Structures are given as structure tokens and as C-alpha cells.
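Engineer: I'd like to ask you about the structure that follows.
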Amino acid sequence: MAFKEKLQLPSSRRLSEPTRGNIMIYEIAVLPVYKHQVERFREAFAEVVPLLRRAKGYLGHVLAQGIETPEHFNLIVRWQTLEDHTPGFEASEDHRVFMLALEEYFCGEPTVHHLEGNDFSLPDDL
């Protein structure tokens with residue numbers, strides 16, 4: 001199964017516009033994994049995550065496993081600009097290798113969404 005991201009941007013969104021202040025670009029990828037392959041997927045992800053970390057504009061990520069549906073993972077990546085992710089990382093050889101190492105574990109097509117929002121904050125009383 002090949003990973004094919006379908007991305008449509010509002011015409012008012014400039015791809016090369018950097019984030020301002022605490023505004024972040026978040027990529028949220030929902031990754032459906034075969035139930036019997038969950039641990040192997042985690043291992044494969046750990047092996048290729050350095051490819052993600054060295055991408056231009058990468059600001060951090062979290063791979064979160066579903067509680068009710070442990071075969072669904074959410075990969076949340078912070079990017080400096082939307083362009084750093086797409087076409088940037090998406091068009092790179094590192095992305096091709098990254099996806100090639102993971103696609104055998106997917107039981108369905110991953111879905112990807114991009115959000116623009118503030119950085120996470122902690123409550124004042126912590």
C-alpha cells in the first residue's frame with residue numbers, strides 16, 4: 001500500500017510564511033496499524049525517526065497510541081512552516097525511506113491533517 005497524502009490549502013495561506021510568535025504548524029497523521037503488528041511498528045518507527053528529526057523546520061513530535069483502539073497511532077509533528085513539511089520533507093528521499101519502512105504495518109491508508117495554532121501551555125498553578 002502506498003502512502004498518498006491529499007492536501008488542499010486555502011488560497012489565502014502562503015506556504016512559505018513562517019510561524020509568528022507562539023503560532024505552530026502541527027501535522028497530525030492518523031496511522032492505522034495491523035493489531036498483530038503494533039510492537040513491530042513501534043520498533044520500525046524508532047529506527048526511522050532520525051530521518052524525521054533531521055528534516056528542515058522540524059520542531060518535535062510525539063507518537064501517541066490510542067487507548068480504546070491501540071492499533072491506531074497519532075503522529076503529531078511540529079513544523080516551523082507548512083512548506084517545511086510539504087513539499088519539503090514530503091518530497092525528500094528521507095521521507096520516501098521513512099514511509100517505505102513503515103507502510104507494511106499499515107492496515108489502511110494513513111490520513112494527514114495540518115493545523116495552525118498556539119504552542120502548548122501549562123496551567124499557571126503547576
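By convention here, the chains of the C-alpha cells are called A, B, ... in the order presented, each chain's residues are numbered starting at 1, and ligands are numbered starting at 1 in the order presented.
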Apply DSSP to the structure's backbone, then extract all residues of region 53-111 of chain A labelled strand (DSSP E) and return them as a list in words.

Structural biologist: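 Going through region 53-111 of chain A, the strand (DSSP E) residues come out as Tyr58, Leu59, Gly60, His61, Val62, Leu63, Ala64, Gln65, His72, Phe73, Asn74, Leu75, Ile76, Val77, Arg78, Trp79 and Thr111 of chain A.
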
Engineer: Which polymer residues have any atom within 10 Å of an atom of Ala44 (chain A), counting only C-alpha atoms, with same-chain residues fewer than 6 positions away left out, as a list in words?

Structural biologist: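 Counting only the stated atoms, we get Val38, Phe98, Ala101, Leu102 and Tyr105 of chain A.
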
Engineer: Let me make sure I understand: among A:Leu115, A:Leu31, A:Ala46, A:Ala91, which one has the smallest atom-to-atom distance to Asn74 (chain A) if we use only C-alpha atoms?

Structural biologist: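 Ranking A:Leu115, A:Leu31, A:Ala46, A:Ala91 by distance to Asn74 (chain A), first place goes to A:Leu31.
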
Engineer: Using only C-alpha atoms, which residue out of A:Ile28, A:Leu122, A:Val33, A:Val97 lies closest to Pro70 (chain A)?

Structural biologist: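 So, comparing all the options, the nearest one is A:Val33.
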
Engineer: Quick one: residues within 10 Å of Lys56 (chain A), only C-alpha atoms counted, chain neighbours fewer than 6 positions away excluded, as a list in words?

Structural biologist: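 Final neighbour list, sorted by chain and number: Trp79, Gln80, Thr81, Glu83, Asp84, His85, Gly88 and Phe89 of chain A.
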
Engineer: Since we have the selection now, will you write its residues out, keeping C-alpha atoms, as a PDB file, in the first residue's frame?

Structural biologist:
```pdb
ATOM      1  CA  TRP A  79       6.914  22.254  11.905  1.00  0.00           C
ATOM      2  CA  GLN A  80       8.277  25.767  11.566  1.00  0.00           C
ATOM      3  CA  THR A  81       6.297  26.286   8.331  1.00  0.00           C
ATOM      4  CA  GLU A  83       6.247  24.303   3.465  1.00  0.00           C
ATOM      5  CA  ASP A  84       8.868  22.550   5.630  1.00  0.00           C
ATOM      6  CA  HIS A  85       6.557  19.539   5.746  1.00  0.00           C
ATOM      7  CA  GLY A  88       9.822  19.944   1.971  1.00  0.00           C
ATOM      8  CA  PHE A  89      10.033  16.657   3.884  1.00  0.00           C
TER       9      PHE A  89
END
```

Engineer: Kindly indicate which residue among A:Val112, A:Arg78, A:Met99, A:Pro123 lies nearest to Glu47 (chain A), using only C-alpha atoms for the distances.

Structural biologist: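 Ranking A:Val112, A:Arg78, A:Met99, A:Pro123 by distance to Glu47 (chain A), first place goes to A:Met99.
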
Engineer: To one decimal place in Å, what is the distance between CA of Val30 (chain A) and CA of His61 (chain A)?

Structural biologist: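 Result for CA of Val30 (chain A) versus CA of His61 (chain A): 13.4 Å, one decimal.
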
Engineer: Among the residues of region 16-54 of chain A, find those DSSP assigns to alpha helix (DSSP H) from the backbone and print them as an MDAnalysis selection string.

Structural biologist: chainID A and resid 38:53

Engineer: Those same residues, written as an mmCIF file, in the first residue's frame with C-alpha atoms?

Structural biologist:
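Once everything was written out, this is selection_24.cif:
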```cif
data_model
loop_
_atom_site.group_PDB
_atom_site.id
_atom_site.type_symbol
_atom_site.label_atom_id
_atom_site.label_comp_id
_atom_site.auth_asym_id
_atom_site.auth_seq_id
_atom_site.Cartn_x
_atom_site.Cartn_y
_atom_site.Cartn_z
ATOM 1 C CA VAL A 38 1.766 -2.925 16.894
ATOM 2 C CA GLU A 39 5.072 -3.716 18.627
ATOM 3 C CA ARG A 40 6.920 -4.251 15.359
ATOM 4 C CA PHE A 41 5.555 -0.923 14.110
ATOM 5 C CA ARG A 42 6.893 0.832 17.225
ATOM 6 C CA GLU A 43 10.316 -0.727 16.644
ATOM 7 C CA ALA A 44 10.324 0.232 12.962
ATOM 8 C CA PHE A 45 9.284 3.789 13.826
ATOM 9 C CA ALA A 46 12.124 4.100 16.347
ATOM 10 C CA GLU A 47 14.577 3.044 13.654
ATOM 11 C CA VAL A 48 13.478 5.682 11.111
ATOM 12 C CA VAL A 49 12.631 8.601 13.398
ATOM 13 C CA PRO A 50 16.134 10.121 12.919
ATOM 14 C CA LEU A 51 15.095 10.802 9.302
ATOM 15 C CA LEU A 52 12.209 12.919 10.571
ATOM 16 C CA ARG A 53 14.288 14.670 13.219
#
```
